[in-house]
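This is run26.cif. It holds mmCIF, C-alpha atoms and all ligand atoms.
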```cif
data_start
loop_
_atom_site.group_PDB
_atom_site.id
_atom_site.type_symbol
_atom_site.label_atom_id
_atom_site.label_comp_id
_atom_site.auth_asym_id
_atom_site.auth_seq_id
_atom_site.Cartn_x
_atom_site.Cartn_y
_atom_site.Cartn_z
ATOM 1 C CA MET A 1 -37.808 42.643 32.696
ATOM 2 C CA ARG A 2 -38.503 38.900 32.549
ATOM 3 C CA LYS A 3 -38.300 39.011 28.685
ATOM 4 C CA LEU A 4 -34.901 40.746 28.873
ATOM 5 C CA TRP A 5 -33.612 38.022 31.161
ATOM 6 C CA ILE A 6 -34.779 35.238 28.842
ATOM 7 C CA PHE A 7 -33.247 37.038 25.826
ATOM 8 C CA ALA A 8 -29.900 37.324 27.626
ATOM 9 C CA LEU A 9 -30.021 33.602 28.499
ATOM 10 C CA LEU A 10 -30.743 32.663 24.868
ATOM 11 C CA VAL A 11 -27.847 34.835 23.628
ATOM 12 C CA SER A 12 -25.411 33.192 26.043
ATOM 13 C CA LEU A 13 -26.641 29.678 25.118
ATOM 14 C CA VAL A 14 -26.147 30.422 21.401
ATOM 15 C CA ALA A 15 -22.671 31.776 22.135
ATOM 16 C CA ALA A 16 -21.802 28.658 24.159
ATOM 17 C CA PHE A 17 -22.936 26.308 21.385
ATOM 18 C CA ALA A 18 -21.085 28.391 18.803
ATOM 19 C CA GLY A 19 -17.951 28.114 20.920
ATOM 20 C CA MET A 20 -18.359 24.359 21.220
ATOM 21 C CA ALA A 21 -18.955 24.040 17.497
ATOM 22 C CA ALA A 22 -15.887 26.148 16.800
ATOM 23 C CA ALA A 23 -13.809 24.048 19.202
ATOM 24 C CA ALA A 24 -15.061 20.857 17.537
ATOM 25 C CA GLU A 25 -14.106 22.268 14.131
ATOM 26 C CA LYS A 26 -10.704 23.637 15.310
ATOM 27 C CA THR A 27 -8.431 23.797 12.277
ATOM 28 C CA LEU A 28 -5.741 21.119 12.508
ATOM 29 C CA VAL A 29 -2.249 22.604 12.311
ATOM 30 C CA VAL A 30 0.324 20.153 10.921
ATOM 31 C CA GLY A 31 4.056 20.529 10.283
ATOM 32 C CA PHE A 32 5.583 18.553 7.396
ATOM 33 C CA SER A 33 9.373 18.144 7.262
ATOM 34 C CA GLN A 34 10.038 17.055 3.669
ATOM 35 C CA ILE A 35 13.479 15.854 2.545
ATOM 36 C CA GLY A 36 13.729 17.972 -0.599
ATOM 37 C CA ALA A 37 12.920 17.627 -4.318
ATOM 38 C CA GLU A 38 15.566 15.125 -5.468
ATOM 39 C CA SER A 39 13.248 13.027 -7.619
ATOM 40 C CA GLY A 40 9.964 12.957 -9.492
ATOM 41 C CA TRP A 41 8.664 10.624 -6.801
ATOM 42 C CA ARG A 42 9.510 13.120 -4.034
ATOM 43 C CA THR A 43 7.707 15.915 -5.863
ATOM 44 C CA ALA A 44 4.645 13.705 -6.296
ATOM 45 C CA GLU A 45 4.628 12.986 -2.561
ATOM 46 C CA THR A 46 4.909 16.694 -1.719
ATOM 47 C CA ASP A 47 2.033 17.513 -4.079
ATOM 48 C CA SER A 48 -0.100 14.805 -2.453
ATOM 49 C CA VAL A 49 0.534 16.070 1.104
ATOM 50 C CA ILE A 50 -0.070 19.726 0.161
ATOM 51 C CA SER A 51 -3.222 19.124 -1.921
ATOM 52 C CA ALA A 52 -4.749 16.823 0.713
ATOM 53 C CA ALA A 53 -4.214 19.560 3.347
ATOM 54 C CA LYS A 54 -6.068 22.038 1.134
ATOM 55 C CA GLU A 55 -8.938 19.604 0.552
ATOM 56 C CA LEU A 56 -9.232 18.829 4.279
ATOM 57 C CA GLY A 57 -8.920 22.431 5.489
ATOM 58 C CA ILE A 58 -5.700 21.623 7.350
ATOM 59 C CA ASP A 59 -3.245 24.438 8.125
ATOM 60 C CA LEU A 60 0.004 22.893 6.776
ATOM 61 C CA LYS A 61 3.423 24.269 7.725
ATOM 62 C CA PHE A 62 5.738 22.929 4.985
ATOM 63 C CA SER A 63 9.552 22.759 5.182
ATOM 64 C CA ASP A 64 11.908 21.590 2.383
ATOM 65 C CA ALA A 65 15.167 20.416 3.997
ATOM 66 C CA GLN A 66 17.234 20.506 0.772
ATOM 67 C CA GLN A 67 18.350 16.897 1.548
ATOM 68 C CA LYS A 68 19.932 17.898 4.901
ATOM 69 C CA GLN A 69 19.009 16.179 8.183
ATOM 70 C CA GLU A 70 20.014 19.243 10.207
ATOM 71 C CA ASN A 71 17.398 21.272 8.339
ATOM 72 C CA GLN A 72 14.767 18.645 9.138
ATOM 73 C CA ILE A 73 15.693 18.802 12.818
ATOM 74 C CA LYS A 74 15.476 22.622 12.759
ATOM 75 C CA ALA A 75 12.059 22.416 11.090
ATOM 76 C CA ILE A 76 10.743 19.976 13.710
ATOM 77 C CA ARG A 77 11.948 22.298 16.505
ATOM 78 C CA SER A 78 10.149 25.174 14.795
ATOM 79 C CA PHE A 79 6.933 23.131 14.545
ATOM 80 C CA ILE A 80 7.198 22.328 18.271
ATOM 81 C CA ALA A 81 7.681 26.027 19.085
ATOM 82 C CA GLN A 82 4.595 26.857 16.992
ATOM 83 C CA GLY A 83 2.616 24.284 18.975
ATOM 84 C CA VAL A 84 1.382 22.303 15.950
ATOM 85 C CA ASP A 85 -1.131 19.500 16.520
ATOM 86 C CA GLY A 86 0.971 16.900 14.660
ATOM 87 C CA ILE A 87 4.172 16.427 12.647
ATOM 88 C CA LEU A 88 4.789 14.489 9.420
ATOM 89 C CA LEU A 89 8.444 13.573 8.885
ATOM 90 C CA ALA A 90 10.017 12.017 5.777
ATOM 91 C CA PRO A 91 13.372 11.101 7.386
ATOM 92 C CA VAL A 92 16.273 11.513 4.955
ATOM 93 C CA VAL A 93 18.329 8.933 6.877
ATOM 94 C CA GLU A 94 17.568 6.322 9.545
ATOM 95 C CA THR A 95 19.660 7.563 12.478
ATOM 96 C CA GLY A 96 20.106 10.729 14.587
ATOM 97 C CA TRP A 97 16.437 11.394 15.430
ATOM 98 C CA GLU A 98 16.179 10.571 19.165
ATOM 99 C CA PRO A 99 16.869 14.076 20.597
ATOM 100 C CA VAL A 100 14.395 16.010 18.473
ATOM 101 C CA LEU A 101 11.701 13.320 18.593
ATOM 102 C CA THR A 102 12.057 13.259 22.387
ATOM 103 C CA GLU A 103 11.405 17.024 22.377
ATOM 104 C CA ALA A 104 8.257 16.427 20.266
ATOM 105 C CA GLN A 105 7.152 13.651 22.642
ATOM 106 C CA ASN A 106 7.702 15.923 25.668
ATOM 107 C CA ALA A 107 5.569 18.550 23.920
ATOM 108 C CA LYS A 108 2.913 15.838 23.391
ATOM 109 C CA ILE A 109 2.999 16.303 19.603
ATOM 110 C CA PRO A 110 2.474 13.049 17.650
ATOM 111 C CA VAL A 111 4.970 12.333 14.832
ATOM 112 C CA ILE A 112 4.153 10.183 11.810
ATOM 113 C CA LEU A 113 6.996 8.967 9.520
ATOM 114 C CA LEU A 114 6.309 9.158 5.791
ATOM 115 C CA ASP A 115 7.992 7.018 3.119
ATOM 116 C CA ARG A 116 11.112 6.063 5.035
ATOM 117 C CA GLY A 117 11.840 4.513 8.446
ATOM 118 C CA ILE A 118 14.200 5.371 11.288
ATOM 119 C CA THR A 119 16.272 3.392 13.785
ATOM 120 C CA VAL A 120 15.542 4.367 17.405
ATOM 121 C CA ASN A 121 15.825 2.456 20.729
ATOM 122 C CA ASP A 122 12.382 3.621 21.792
ATOM 123 C CA ASP A 123 9.787 3.366 19.011
ATOM 124 C CA SER A 124 7.240 5.239 21.138
ATOM 125 C CA LEU A 125 9.019 8.338 19.775
ATOM 126 C CA TYR A 126 6.839 8.098 16.669
ATOM 127 C CA VAL A 127 3.228 6.988 16.143
ATOM 128 C CA CYS A 128 3.906 4.865 13.031
ATOM 129 C CA LYS A 129 5.641 4.788 9.659
ATOM 130 C CA ILE A 130 3.663 4.831 6.409
ATOM 131 C CA THR A 131 6.011 3.334 3.784
ATOM 132 C CA SER A 132 6.368 0.703 1.103
ATOM 133 C CA ASP A 133 8.118 -2.592 1.810
ATOM 134 C CA PHE A 134 11.523 -1.808 0.277
ATOM 135 C CA VAL A 135 12.910 -5.319 0.853
ATOM 136 C CA PHE A 136 9.966 -6.671 -1.178
ATOM 137 C CA GLU A 137 10.708 -4.137 -3.925
ATOM 138 C CA GLY A 138 14.359 -5.256 -4.050
ATOM 139 C CA ARG A 139 13.352 -8.923 -4.177
ATOM 140 C CA GLU A 140 10.898 -8.284 -7.003
ATOM 141 C CA ALA A 141 13.633 -6.505 -8.980
ATOM 142 C CA ALA A 142 16.058 -9.402 -8.436
ATOM 143 C CA LYS A 143 13.497 -12.012 -9.517
ATOM 144 C CA TRP A 144 12.877 -10.050 -12.708
ATOM 145 C CA VAL A 145 16.627 -9.680 -13.441
ATOM 146 C CA ALA A 146 17.244 -13.402 -12.894
ATOM 147 C CA LYS A 147 14.435 -14.284 -15.303
ATOM 148 C CA GLU A 148 15.318 -11.612 -17.901
ATOM 149 C CA LEU A 149 19.001 -12.706 -18.024
ATOM 150 C CA GLY A 150 18.114 -16.383 -18.158
ATOM 151 C CA GLY A 151 19.939 -17.002 -14.869
ATOM 152 C CA LYS A 152 23.363 -15.800 -16.058
ATOM 153 C CA GLY A 153 24.982 -12.367 -16.409
ATOM 154 C CA SER A 154 26.418 -9.255 -14.763
ATOM 155 C CA VAL A 155 24.538 -6.433 -13.054
ATOM 156 C CA VAL A 156 25.490 -3.001 -11.718
ATOM 157 C CA GLN A 157 23.503 -1.413 -8.878
ATOM 158 C CA LEU A 158 22.739 2.317 -8.531
ATOM 159 C CA GLN A 159 22.045 2.835 -4.836
ATOM 160 C CA GLY A 160 19.910 5.555 -3.292
ATOM 161 C CA THR A 161 20.966 7.991 -0.568
ATOM 162 C CA PRO A 162 23.492 6.402 1.842
ATOM 163 C CA GLY A 163 21.801 5.655 5.163
ATOM 164 C CA ALA A 164 18.262 6.012 3.824
ATOM 165 C CA SER A 165 16.030 3.039 4.689
ATOM 166 C CA ALA A 166 14.675 3.017 1.112
ATOM 167 C CA ALA A 167 18.229 2.435 -0.148
ATOM 168 C CA THR A 168 19.530 0.001 2.469
ATOM 169 C CA GLU A 169 16.410 -2.164 2.285
ATOM 170 C CA ARG A 170 16.118 -2.172 -1.526
ATOM 171 C CA GLN A 171 19.747 -3.285 -1.611
ATOM 172 C CA LYS A 172 19.125 -5.942 1.073
ATOM 173 C CA GLY A 173 16.131 -7.384 -0.776
ATOM 174 C CA PHE A 174 17.901 -7.388 -4.135
ATOM 175 C CA GLU A 175 21.171 -8.939 -2.935
ATOM 176 C CA GLU A 176 19.473 -11.624 -0.827
ATOM 177 C CA GLU A 177 17.282 -12.670 -3.770
ATOM 178 C CA ILE A 178 19.925 -12.455 -6.520
ATOM 179 C CA ALA A 179 22.228 -14.670 -4.422
ATOM 180 C CA LYS A 180 19.798 -17.510 -5.203
ATOM 181 C CA THR A 181 21.017 -17.293 -8.842
ATOM 182 C CA PRO A 182 24.783 -17.835 -8.448
ATOM 183 C CA ASP A 183 25.587 -17.220 -12.131
ATOM 184 C CA ILE A 184 24.392 -13.639 -11.859
ATOM 185 C CA LYS A 185 27.130 -11.368 -10.525
ATOM 186 C CA ILE A 186 26.807 -7.846 -9.126
ATOM 187 C CA LEU A 187 29.857 -6.169 -10.696
ATOM 188 C CA GLU A 188 29.643 -3.037 -8.541
ATOM 189 C CA SER A 189 27.247 -0.898 -6.471
ATOM 190 C CA GLN A 190 27.525 2.871 -6.057
ATOM 191 C CA THR A 191 25.231 5.607 -4.822
ATOM 192 C CA GLY A 192 23.607 8.014 -7.229
ATOM 193 C CA ASP A 193 21.792 9.642 -4.261
ATOM 194 C CA PHE A 194 18.381 9.130 -5.939
ATOM 195 C CA THR A 195 19.133 11.850 -8.540
ATOM 196 C CA MET A 196 19.234 11.697 -12.356
ATOM 197 C CA GLU A 197 22.489 13.676 -12.577
ATOM 198 C CA LEU A 198 24.454 11.449 -10.219
ATOM 199 C CA GLY A 199 22.850 8.318 -11.633
ATOM 200 C CA LYS A 200 24.179 9.318 -15.051
ATOM 201 C CA GLN A 201 27.673 10.081 -13.720
ATOM 202 C CA VAL A 202 27.928 6.743 -11.871
ATOM 203 C CA MET A 203 26.702 4.856 -14.944
ATOM 204 C CA GLU A 204 29.294 6.635 -17.116
ATOM 205 C CA ALA A 205 31.994 5.384 -14.724
ATOM 206 C CA PHE A 206 30.551 1.846 -14.761
ATOM 207 C CA LEU A 207 30.514 1.857 -18.590
ATOM 208 C CA LYS A 208 34.163 3.005 -18.745
ATOM 209 C CA LYS A 209 35.146 0.231 -16.331
ATOM 210 C CA TYR A 210 32.962 -2.688 -17.501
ATOM 211 C CA GLY A 211 31.615 -1.670 -20.937
ATOM 212 C CA LYS A 212 29.651 -4.412 -22.651
ATOM 213 C CA ASP A 213 30.152 -6.806 -19.728
ATOM 214 C CA ILE A 214 27.184 -5.045 -18.110
ATOM 215 C CA ASN A 215 23.996 -6.955 -18.945
ATOM 216 C CA ALA A 216 21.591 -5.120 -16.595
ATOM 217 C CA VAL A 217 21.220 -2.103 -14.309
ATOM 218 C CA TYR A 218 19.215 -2.161 -11.066
ATOM 219 C CA ALA A 219 18.524 1.428 -9.960
ATOM 220 C CA HIS A 220 16.908 2.144 -6.585
ATOM 221 C CA ASN A 221 14.725 4.793 -8.233
ATOM 222 C CA ASP A 222 13.504 5.970 -11.655
ATOM 223 C CA ASP A 223 15.565 9.152 -11.726
ATOM 224 C CA MET A 224 18.894 7.312 -11.429
ATOM 225 C CA GLY A 225 17.639 4.805 -14.016
ATOM 226 C CA LEU A 226 16.789 7.646 -16.414
ATOM 227 C CA GLY A 227 20.268 9.074 -15.857
ATOM 228 C CA ALA A 228 21.738 5.658 -16.652
ATOM 229 C CA ILE A 229 19.741 5.580 -19.897
ATOM 230 C CA GLN A 230 21.349 8.873 -20.969
ATOM 231 C CA ALA A 231 24.824 7.507 -20.171
ATOM 232 C CA ILE A 232 24.176 4.264 -22.077
ATOM 233 C CA LYS A 233 22.998 6.156 -25.149
ATOM 234 C CA GLU A 234 26.012 8.506 -25.047
ATOM 235 C CA ALA A 235 28.216 5.409 -24.918
ATOM 236 C CA GLY A 236 26.680 4.309 -28.230
ATOM 237 C CA LEU A 237 24.689 1.426 -26.712
ATOM 238 C CA LYS A 238 20.942 0.757 -26.761
ATOM 239 C CA PRO A 239 19.287 1.019 -23.303
ATOM 240 C CA GLY A 240 16.593 -1.619 -22.893
ATOM 241 C CA GLU A 241 18.288 -3.872 -25.454
ATOM 242 C CA ASP A 242 22.107 -4.011 -25.038
ATOM 243 C CA ILE A 243 21.684 -3.278 -21.323
ATOM 244 C CA LYS A 244 18.418 -4.113 -19.503
ATOM 245 C CA ILE A 245 17.166 -1.607 -16.938
ATOM 246 C CA ILE A 246 14.894 -2.056 -13.927
ATOM 247 C CA THR A 247 14.099 0.710 -11.448
ATOM 248 C CA VAL A 248 11.779 1.424 -8.504
ATOM 249 C CA ASP A 249 9.082 4.128 -8.136
ATOM 250 C CA ALA A 250 7.001 3.788 -11.352
ATOM 251 C CA THR A 251 6.648 7.513 -12.095
ATOM 252 C CA LYS A 252 5.158 8.655 -15.407
ATOM 253 C CA ALA A 253 8.697 9.279 -16.733
ATOM 254 C CA ALA A 254 9.563 5.619 -16.168
ATOM 255 C CA PHE A 255 6.461 4.497 -18.051
ATOM 256 C CA GLU A 256 7.379 6.842 -20.916
ATOM 257 C CA ALA A 257 10.865 5.290 -21.011
ATOM 258 C CA MET A 258 9.314 1.798 -21.113
ATOM 259 C CA VAL A 259 6.937 2.819 -23.926
ATOM 260 C CA ALA A 260 10.030 4.074 -25.788
ATOM 261 C CA GLY A 261 11.685 0.685 -25.203
ATOM 262 C CA GLU A 262 14.555 2.230 -23.196
ATOM 263 C CA MET A 263 13.553 0.822 -19.784
ATOM 264 C CA ASN A 264 12.445 -2.777 -19.245
ATOM 265 C CA ALA A 265 10.639 -2.935 -15.912
ATOM 266 C CA VAL A 266 9.753 -0.886 -12.844
ATOM 267 C CA VAL A 267 8.613 -1.751 -9.331
ATOM 268 C CA GLU A 268 5.955 0.636 -8.063
ATOM 269 C CA CYS A 269 6.383 2.632 -4.833
ATOM 270 C CA ASN A 270 3.324 4.715 -3.957
ATOM 271 C CA PRO A 271 4.080 8.418 -3.161
ATOM 272 C CA LEU A 272 0.448 9.538 -2.852
ATOM 273 C CA LEU A 273 0.459 9.368 0.948
ATOM 274 C CA GLY A 274 -1.214 12.703 1.829
ATOM 275 C CA PRO A 275 -4.804 11.574 2.580
ATOM 276 C CA LEU A 276 -3.679 8.504 4.570
ATOM 277 C CA ALA A 277 -1.178 10.596 6.536
ATOM 278 C CA TYR A 278 -3.860 13.008 7.790
ATOM 279 C CA GLU A 279 -6.408 10.232 8.401
ATOM 280 C CA THR A 280 -3.816 8.435 10.545
ATOM 281 C CA LEU A 281 -2.788 11.614 12.368
ATOM 282 C CA LYS A 282 -6.406 12.401 13.268
ATOM 283 C CA LYS A 283 -6.800 8.866 14.677
ATOM 284 C CA ALA A 284 -3.601 9.297 16.706
ATOM 285 C CA ILE A 285 -4.791 12.642 18.099
ATOM 286 C CA ALA A 286 -8.115 11.003 19.015
ATOM 287 C CA GLY A 287 -6.129 8.376 20.966
ATOM 288 C CA GLU A 288 -6.937 5.458 18.668
ATOM 289 C CA LYS A 289 -4.512 2.503 18.472
ATOM 290 C CA ILE A 290 -2.392 2.700 15.292
ATOM 291 C CA ASP A 291 -0.304 -0.083 13.710
ATOM 292 C CA LYS A 292 3.403 0.756 13.953
ATOM 293 C CA TRP A 293 3.934 0.122 10.220
ATOM 294 C CA ILE A 294 1.242 0.917 7.635
ATOM 295 C CA VAL A 295 2.583 -0.838 4.512
ATOM 296 C CA GLN A 296 1.795 0.355 0.995
ATOM 297 C CA LYS A 297 1.137 -2.384 -1.568
ATOM 298 C CA ASP A 298 3.395 -2.295 -4.649
ATOM 299 C CA GLU A 299 3.617 -4.270 -7.897
ATOM 300 C CA LEU A 300 6.013 -4.739 -10.813
ATOM 301 C CA PHE A 301 5.258 -3.407 -14.312
ATOM 302 C CA THR A 302 7.081 -4.452 -17.490
ATOM 303 C CA LYS A 303 7.728 -2.737 -20.821
ATOM 304 C CA ASP A 304 5.017 -4.871 -22.473
ATOM 305 C CA GLN A 305 2.353 -3.471 -20.115
ATOM 306 C CA ALA A 306 3.505 0.149 -20.224
ATOM 307 C CA ALA A 307 1.456 1.426 -23.163
ATOM 308 C CA SER A 308 -1.821 0.060 -21.773
ATOM 309 C CA VAL A 309 -1.160 1.228 -18.178
ATOM 310 C CA ILE A 310 0.419 4.679 -18.646
ATOM 311 C CA GLY A 311 -2.917 6.446 -19.152
ATOM 312 C CA SER A 312 -4.173 5.388 -15.716
ATOM 313 C CA ARG A 313 -1.093 6.385 -13.747
ATOM 314 C CA LYS A 314 -1.718 9.036 -11.062
ATOM 315 C CA TYR A 315 1.873 10.298 -10.677
HETATM 316 C C1 LIG B 401 10.719 5.866 -1.215
HETATM 317 C C2 LIG B 401 11.414 7.218 -1.190
HETATM 318 C C3 LIG B 401 12.511 7.306 -2.228
HETATM 319 C C4 LIG B 401 12.031 7.164 -3.678
HETATM 320 C C5 LIG B 401 12.973 8.081 -4.385
HETATM 321 O O1 LIG B 401 9.750 5.809 -0.195
HETATM 322 O O2 LIG B 401 11.989 7.473 0.079
HETATM 323 O O3 LIG B 401 13.110 8.611 -2.150
HETATM 324 O O4 LIG B 401 12.104 5.848 -4.164
HETATM 325 C C6 LIG B 401 13.000 9.250 -3.433
HETATM 326 O O5 LIG B 401 12.594 8.470 -5.691
HETATM 327 O O6 LIG B 401 14.061 10.099 -3.708
#
```
Using structure tokens, write down the structure from this file.
Amino acid sequence: MRKLWIFALLVSLVAAFAGMAAAAEKTLVVGFSQIGAESGWRTAETDSVISAAKELGIDLKFSDAQQKQENQIKAIRSFIAQGVDGILLAPVVETGWEPVLTEAQNAKIPVILLDRGITVNDDSLYVCKITSDFVFEGREAAKWVAKELGGKGSVVQLQGTPGASAATERQKGFEEEIAKTPDIKILESQTGDFTMELGKQVMEAFLKKYGKDINAVYAHNDDMGLGAIQAIKEAGLKPGEDIKIITVDATKAAFEAMVAGEMNAVVECNPLLGPLAYETLKKAIAGEKIDKWIVQKDELFTKDQAASVIGSRKY
């Protein structure tokens, strides 16, 4: 009888420890509201977030908003209803997030912003943003243009998505810096919405209007810059020679264009944010203090470096 009692005690102890171990290893369930697939950079970011979830054994609920904020808001509400442990949000634009982020806060679900920022009165609505410094990127592009044009010339600007922090801040950085070189004029700025197709269409319009007066193009991302290259070629001009081109992102396609001599420079913007996003989310869930802005370091690459660097690029 005594042995039976001891056996029963051992079985219950093992079960208790197994339960504790299971609780300690509870699979993290994370919702990711992604903007869409508008650019090579965006796809690289999506791949990074999805592959890191697989490597870390995280149960990822992924939603592609097809560039629409209302779809992102719907996705966040769905994540809240599913009771996820955390939410990653790449906010397509800066405004309009208070209501849904308040619902996430009330449900005690931490939200981390990826690759773009938002404007809210109460920044406790999100744990932190993990982004590049877009103003820095814009400044770096302007410094390069000023040097490349020898301090004198005309530039057109292909802007990203209206209302997106990546676009407004790249424009702010560029225009503040280029103003220090008064003989360089920005002929016109128009949005190409971060896509190759629209970037090409806007550049076609700029070429019809300004033709050979355009000395350089500053595109807020590679895809619009690659679209501009197509338009310049179809206009019978040589991209990279007749018209200089600088973009932001530094995807493989941009390096290939620089190797081909059709793009002159690119400012990097790191999309491989998956591992850092989950590491930060786990710290937030554990109640650790997190910096409000985790900045990604970026650098400028020129055509002359492209051939030697392209082999080491990760996206
Ligand atoms: C930058 C990101 C931008 C990229 C574009 O963090 O938000 O959006 O520069 C992408 O390629 O479309």
Practice item. Check which residues fall inside 8 Å of ligand LIG 401 (chain B) when counting only C-alpha atoms and all ligand atoms, and print them as a VMD selection string. Key: chain A and resid 37 to 42 90 92 114 to 116 131 to 132 134 160 to 161 164 to 167 193 to 195 220 to 223 248 to 249 269 to 271
Practice item. Considering only C-alpha atoms, return as a count of residues only whatever protein or nucleic-acid residues lie within 10 Å of stretch 94-106 of chain A, sequence-local ones (same chain, fewer than 4 positions apart) excluded. Key: 32
Review point. Restricting the calculation to all atoms listed in the file, which member of A:Lys129, A:Gln171, A:Val156, A:Asp242 is positioned closest to A:Val202?
Key: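 The answer is A:Val156, which sits nearest to A:Val202.
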Practice item. Go through A:Lys108, A:Lys200, A:Lys244, A:Arg313 and flag the residue nearest A:Lys212, using all atoms listed in the file for the distances. Key: A:Lys244
Study note, to complete from the structure: Using all atoms listed in the file, the residue out of A:Glu279, A:Asp183, A:Glu169, A:Asp64 with shortest distance to A:Leu28 is A:Glu279
Practice item. Rank nothing, just name the residue among A:Tyr218, A:Phe206, A:Tyr315, A:Phe301 nearest to A:Ala253, using all atoms listed in the file. Key: A:Tyr315
Exercise for review: Starting from the shown file, work through the PyMOL selection byres (((chain A and resi 272) around 9) and not hetatm) and note down what comes out as a list in words.
Suggested key: Ala44, Glu45, Thr46, Asp47, Ser48, Val49, Asn270, Pro271, Leu273, Gly274, Pro275, Leu276, Lys314 and Tyr315 of chain A
Exercise for review: May I have the residues within 12 Å of A:Leu226 as a PyMOL selection string, using all atoms listed in the file and disregarding those fewer than 2 positions away in the same chain?
Suggested key: chain A and resi 39-40+158+192+194-201+203+217-224+228-233+239-240+245-258+262-264+266
Spell out the residues picked by the PyMOL selection byres (((chain A and resi 284) around 12) and not hetatm) here, as an mmCIF file with C-alpha atoms, keeping the file's coordinate frame.
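Writing done, so here's selection39.cif:
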```
data_model
loop_
_atom_site.group_PDB
_atom_site.id
_atom_site.type_symbol
_atom_site.label_atom_id
_atom_site.label_comp_id
_atom_site.auth_asym_id
_atom_site.auth_seq_id
_atom_site.Cartn_x
_atom_site.Cartn_y
_atom_site.Cartn_z
ATOM 1 C CA ASP A 85 -1.131 19.500 16.520
ATOM 2 C CA GLY A 86 0.971 16.900 14.660
ATOM 3 C CA ILE A 87 4.172 16.427 12.647
ATOM 4 C CA LYS A 108 2.913 15.838 23.391
ATOM 5 C CA ILE A 109 2.999 16.303 19.603
ATOM 6 C CA PRO A 110 2.474 13.049 17.650
ATOM 7 C CA VAL A 111 4.970 12.333 14.832
ATOM 8 C CA ILE A 112 4.153 10.183 11.810
ATOM 9 C CA TYR A 126 6.839 8.098 16.669
ATOM 10 C CA VAL A 127 3.228 6.988 16.143
ATOM 11 C CA CYS A 128 3.906 4.865 13.031
ATOM 12 C CA ALA A 277 -1.178 10.596 6.536
ATOM 13 C CA TYR A 278 -3.860 13.008 7.790
ATOM 14 C CA GLU A 279 -6.408 10.232 8.401
ATOM 15 C CA THR A 280 -3.816 8.435 10.545
ATOM 16 C CA LEU A 281 -2.788 11.614 12.368
ATOM 17 C CA LYS A 282 -6.406 12.401 13.268
ATOM 18 C CA LYS A 283 -6.800 8.866 14.677
ATOM 19 C CA ILE A 285 -4.791 12.642 18.099
ATOM 20 C CA ALA A 286 -8.115 11.003 19.015
ATOM 21 C CA GLY A 287 -6.129 8.376 20.966
ATOM 22 C CA GLU A 288 -6.937 5.458 18.668
ATOM 23 C CA LYS A 289 -4.512 2.503 18.472
ATOM 24 C CA ILE A 290 -2.392 2.700 15.292
ATOM 25 C CA ASP A 291 -0.304 -0.083 13.710
ATOM 26 C CA LYS A 292 3.403 0.756 13.953
#
```
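When you apply the PyMOL selection byres (((chain A and resi 190) around 6) and not hetatm) to this structure, what comes back is A:Leu158, A:Gln159, A:Ser189, A:Thr191.
The smallest atom-to-atom distance between A:Glu175 and any of A:Asn215, A:Ser78, A:Asn71, A:Gln157, using all atoms listed in the file, is found for A:Gln157.
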Would you place a box with edges along x, y and z of the file around all atoms of stretch 80-89 of chain A listed there, add 3 Å to each of its six sides, and report the centre and edge lengths in Å to one decimal, as lines of an AutoDock Vina configuration file?
```
center_x = 3.7
center_y = 20.2
center_z = 14.0
size_x = 15.6
size_y = 19.3
size_z = 16.2
```
**Study point:** Nearest residue to A:Gln67 from the set A:Val93, A:Trp293, A:Thr43, A:Ala53 (distances using all atoms listed in the file)
**Key:**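 Residue with the minimum atom-to-atom distance to A:Gln67: A:Val93.
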Exercise for review: Measure the distance from atom CA of A:Gly36 to atom CA of A:Ser63 in Å and round it to one decimal.
Suggested key: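 Computed distance, atom CA of A:Gly36 to atom CA of A:Ser63, equals 8.6 Å.
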**Study point:** d(atom CA of A:Ala146, atom CA of A:Glu234) in Å
**Key:**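 Pair atom CA of A:Ala146 / atom CA of A:Glu234 returns 26.5 Å.
We find atom CA of A:Arg139 and atom CA of A:Ile214 to be spaced 20.0 Å apart.
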